[in-house]
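Next up, start-v3.txt (compact mmCIF, C-alpha atoms):
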```txt
# COMPACT_ATOMS: atom_id res chain seq x y z
CA MET A 9 126.67 100.54 99.17
CA THR A 10 124.34 101.36 96.32
CA SER A 11 122.34 104.55 96.17
CA SER A 12 119.09 102.68 96.81
CA ASN A 13 120.54 101.14 100.00
CA PHE A 14 121.68 104.60 101.09
CA ILE A 15 118.18 106.02 100.50
CA VAL A 16 116.55 103.20 102.46
CA ARG A 17 119.01 103.69 105.34
CA CYS A 18 118.33 107.43 105.42
CA ASP A 19 114.58 106.78 105.41
CA ASP A 20 114.91 104.20 108.21
CA TRP A 21 117.04 106.64 110.19
CA LEU A 22 114.41 109.39 109.84
CA ILE A 23 111.64 107.10 111.03
CA ASP A 24 113.57 105.36 113.81
CA ARG A 25 115.47 108.36 115.20
CA ILE A 26 113.13 111.29 114.66
CA PHE A 27 109.50 110.31 114.11
CA GLN A 28 109.18 107.06 116.11
CA PRO A 29 110.45 108.61 119.39
CA VAL A 30 107.88 111.40 118.98
CA ALA A 31 105.18 108.82 118.20
CA ASN A 32 106.13 106.84 121.30
CA ARG A 33 105.57 109.91 123.49
CA LEU A 34 102.13 110.81 122.16
CA PRO A 35 99.28 110.85 124.68
CA SER A 36 97.30 107.63 124.96
CA GLY A 37 94.29 109.06 123.11
CA LEU A 38 96.30 110.01 120.03
CA SER A 39 98.05 107.48 117.83
CA ALA A 40 100.79 108.18 115.30
CA VAL A 41 98.41 107.22 112.50
CA GLN A 42 95.83 109.76 113.66
CA LEU A 43 98.52 112.43 113.93
CA GLY A 44 99.81 111.53 110.46
CA LEU A 45 96.33 111.74 108.96
CA SER A 46 95.84 115.10 110.66
CA PHE A 47 99.03 116.34 109.02
CA GLN A 48 97.77 114.95 105.69
CA LEU A 49 94.46 116.80 106.11
CA GLY A 50 96.34 119.99 107.00
CA SER A 51 98.44 119.59 103.89
CA LEU A 52 95.30 119.15 101.82
CA MET A 53 93.82 122.36 103.23
CA LEU A 54 97.04 124.34 102.73
CA THR A 55 97.31 123.10 99.15
CA GLY A 56 93.70 124.08 98.55
CA ALA A 57 94.38 127.56 99.91
CA ALA A 58 97.52 127.93 97.80
CA LEU A 59 95.65 126.85 94.69
CA LEU A 60 92.55 128.91 95.41
CA LEU A 61 94.25 132.23 96.25
CA PRO A 62 95.45 133.02 92.69
CA ILE A 63 91.98 132.25 91.36
CA ILE A 64 90.39 134.67 93.83
CA LEU A 65 93.05 137.39 93.50
CA PHE A 66 93.74 137.32 89.76
CA GLY A 67 90.62 135.84 88.24
CA VAL A 68 90.26 132.46 86.65
CA THR A 69 90.25 130.94 83.24
CA LEU A 70 88.53 127.67 82.50
CA GLY A 71 91.86 125.93 81.97
CA GLY A 72 93.25 127.25 85.25
CA LEU A 73 90.13 126.20 87.12
CA ILE A 74 90.27 122.66 85.69
CA ASP A 75 93.99 122.35 86.39
CA THR A 76 93.63 123.58 89.96
CA SER A 77 90.62 121.36 90.61
CA LEU A 78 92.38 118.26 89.26
CA ILE A 79 95.44 118.85 91.43
CA TRP A 80 93.35 119.31 94.56
CA PHE A 81 91.12 116.30 93.83
CA MET A 82 94.21 114.16 93.26
CA ASN A 83 95.46 115.21 96.71
CA LEU A 84 92.02 114.46 98.16
CA ALA A 85 92.01 111.00 96.57
CA PHE A 86 95.41 110.25 98.13
CA PHE A 87 94.15 111.39 101.55
CA LEU A 88 91.01 109.23 101.29
CA GLY A 89 93.15 106.28 100.21
CA MET A 90 95.35 106.78 103.25
CA LYS A 91 92.28 106.81 105.49
CA LYS A 92 91.20 103.46 103.99
CA THR A 93 94.53 101.86 104.95
CA VAL A 94 94.20 102.65 108.68
CA PRO A 95 92.64 99.22 109.51
CA LEU A 96 95.83 97.56 108.18
CA ILE A 97 97.84 99.12 111.01
CA ARG A 98 97.53 97.06 114.20
CA PRO A 99 99.49 97.30 117.45
CA GLY A 100 101.96 94.49 117.98
CA MET A 101 102.37 93.86 114.25
CA MET A 102 104.68 95.46 111.72
CA ASN A 103 103.22 98.56 110.11
CA PRO A 104 102.61 97.55 106.45
CA LEU A 105 102.70 101.17 105.32
CA ARG A 106 106.36 101.56 106.24
CA PRO A 107 107.69 99.54 103.28
CA MET A 108 104.70 100.37 101.06
CA MET A 109 105.17 104.14 101.37
CA LEU A 110 108.96 104.21 100.98
CA SER A 111 108.93 105.51 97.42
CA MET A 112 106.14 107.98 98.23
CA ARG A 113 108.18 109.37 101.13
CA MET A 114 111.24 109.77 98.90
CA ILE A 115 109.25 111.51 96.16
CA ALA A 116 107.63 113.79 98.75
CA ILE A 117 111.04 114.73 100.18
CA ALA A 118 112.33 115.47 96.67
CA PHE A 119 109.33 117.74 96.07
CA LEU A 120 109.91 119.41 99.45
CA ILE A 121 113.53 120.17 98.54
CA TYR A 122 112.40 121.48 95.14
CA GLN A 123 109.75 123.64 96.80
CA LEU A 124 112.30 125.01 99.28
CA PHE A 125 114.62 126.11 96.46
CA ARG A 126 111.71 127.46 94.44
CA GLY A 127 110.55 129.53 97.40
CA LEU A 128 113.91 131.23 97.93
CA ASP A 129 113.37 133.81 95.25
CA GLY A 130 110.07 135.47 94.76
CA VAL A 131 108.31 138.70 95.29
CA GLY A 132 104.90 139.70 96.50
CA ILE A 133 102.04 137.26 96.27
CA GLY A 134 104.15 134.72 94.38
CA TRP A 135 106.48 134.41 97.36
CA VAL A 136 103.55 134.02 99.77
CA LEU A 137 102.01 131.28 97.63
CA SER A 138 105.36 129.55 97.35
CA GLN A 139 105.78 129.59 101.13
CA LEU A 140 102.25 128.24 101.55
CA MET A 141 103.04 125.37 99.18
CA THR A 142 106.32 124.71 101.03
CA LEU A 143 104.45 124.50 104.32
CA SER A 144 101.88 122.23 102.68
CA GLN A 145 104.62 119.93 101.38
CA LEU A 146 106.33 119.87 104.78
CA THR A 147 103.11 118.83 106.53
CA PHE A 148 102.56 116.20 103.83
CA VAL A 149 106.00 114.68 104.45
CA MET A 150 105.50 114.74 108.22
CA GLY A 151 102.13 113.04 107.77
CA LEU A 152 103.68 110.29 105.65
CA TYR A 153 106.36 109.64 108.24
CA PHE A 154 103.96 109.56 111.19
CA VAL A 155 101.64 107.17 109.34
CA SER A 156 104.67 104.92 108.75
CA CYS A 157 105.58 104.73 112.46
CA GLN A 158 105.09 101.53 114.40
CA PRO A 159 101.93 101.68 116.55
CA GLN A 160 102.38 101.28 120.27
CA LEU A 161 100.79 98.48 122.23
CA PRO A 162 97.90 99.62 124.40
CA ARG A 163 99.17 100.78 127.76
CA GLN A 164 98.39 98.66 130.79
CA ARG A 165 96.10 100.34 133.25
CA MET A 166 97.57 100.69 136.68
CA SER A 167 95.52 99.61 139.65
CA SER A 168 93.64 102.40 141.30
CA ARG A 169 93.25 100.54 144.58
CA THR A 170 94.60 102.40 147.55
CA GLY A 171 95.41 101.14 150.98
CA PRO A 172 98.16 99.33 152.82
CA ILE A 173 100.67 97.54 150.65
CA ILE A 174 100.93 94.49 152.93
CA GLU A 175 97.70 93.08 154.22
CA GLY A 176 97.30 90.56 156.96
CA ALA A 177 98.39 90.73 160.56
CA TRP A 178 99.97 94.16 160.02
CA SER A 179 96.61 95.73 159.20
CA THR A 180 95.41 95.19 162.80
CA GLY A 181 98.41 96.89 164.34
CA GLY A 182 100.29 93.65 164.87
CA ARG A 183 97.63 92.00 167.02
CA ILE A 184 96.48 88.54 166.07
CA HIS A 185 92.85 87.81 166.82
```
Let me see the structure of the file written as structure tokens.
Amino acid sequence: MTSSNFIVRCDDWLIDRIFQPVANRLPSGLSAVQLGLSFQLGSLMLTGAALLLPIILFGVTLGGLIDTSLIWFMNLAFFLGMKKTVPLIRPGMMNPLRPMMLSMRMIAIAFLIYQLFRGLDGVGIGWVLSQLMTLSQLTFVMGLYFVSCQPQLPRQRMSSRTGPIIEGAWSTGGRIH
């Protein structure tokens, strides 16, 4: 087995064994795509907070402001692009984002692992910012995986009719008129 086959199998295992069962148990008003986009938006907000805190606490240079703004706007562009792909995902059909986002999921996991190791050592505000970025990266990865889950078919509505199960002669107490 090549390393690319191993990576694809690990990715399929994560979706099929961890995220898809959770997506299958979501309430009827919430789809996996909506949950994934909510995680993406949360990641965007956490990244914004992690990028904005050093500017507020330590002051800002023009270069730092431009760098921070470009990073955040790049994240915003990715989020808006993800929102545009929602109409492609239809119940009863294969989710096109599952194969399309494979490399993005792998890159995001690599960055999450990097961020975890980077956050192990740190002191003071640097450690707090590192943990904020780790949490942001974790929510980003979770959002990518939930967006890649297969949508569920709409649930059938059960009949709300009440009354006797068997109608006919039994409804009159066994008397035939």
Can you pull out the residues contacting stretch 124-139 of chain A? Cut-off 12 Å, using only C-alpha atoms, and skip same-chain residues under 6 positions away; I want them as a PyMOL selection string. chain A and resi 54-63+65-66+117-118+145-146
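The space between atom CA of A:Gln123 and atom CA of A:Asp19 spans 19.5 Å.
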Non-local contacts of stretch 29-37 of chain A (12 Å; all atoms listed in the file; under 3 positions in same chain excluded) as number ranges by chain: A: 21-26, 40-44, 150-151, 153-165
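The two atoms in question, atom CA of A:Met101 and atom CA of A:Thr147, are spaced 26.1 Å apart.
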Using the file's own x, y and z axes, so that the box edges lie along x, y and z, what centre and edge lengths in Å (one decimal) does a box around every listed atom of stretch 50-54 of chain A get when 5 Å is added on each side? Give it as lines of an AutoDock Vina configuration file.
```
center_x = 96.1
center_y = 121.7
center_z = 104.4
size_x = 14.6
size_y = 15.2
size_z = 15.2
```
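What separates atom CA of A:Leu140 from atom CA of A:Met108 is a distance of 28.0 Å.
For the choices A:Ser111, A:Val16, A:Met53, A:Ala85, the atom-to-atom distance to A:Leu143 is smallest for A:Met53 when using all atoms listed in the file.
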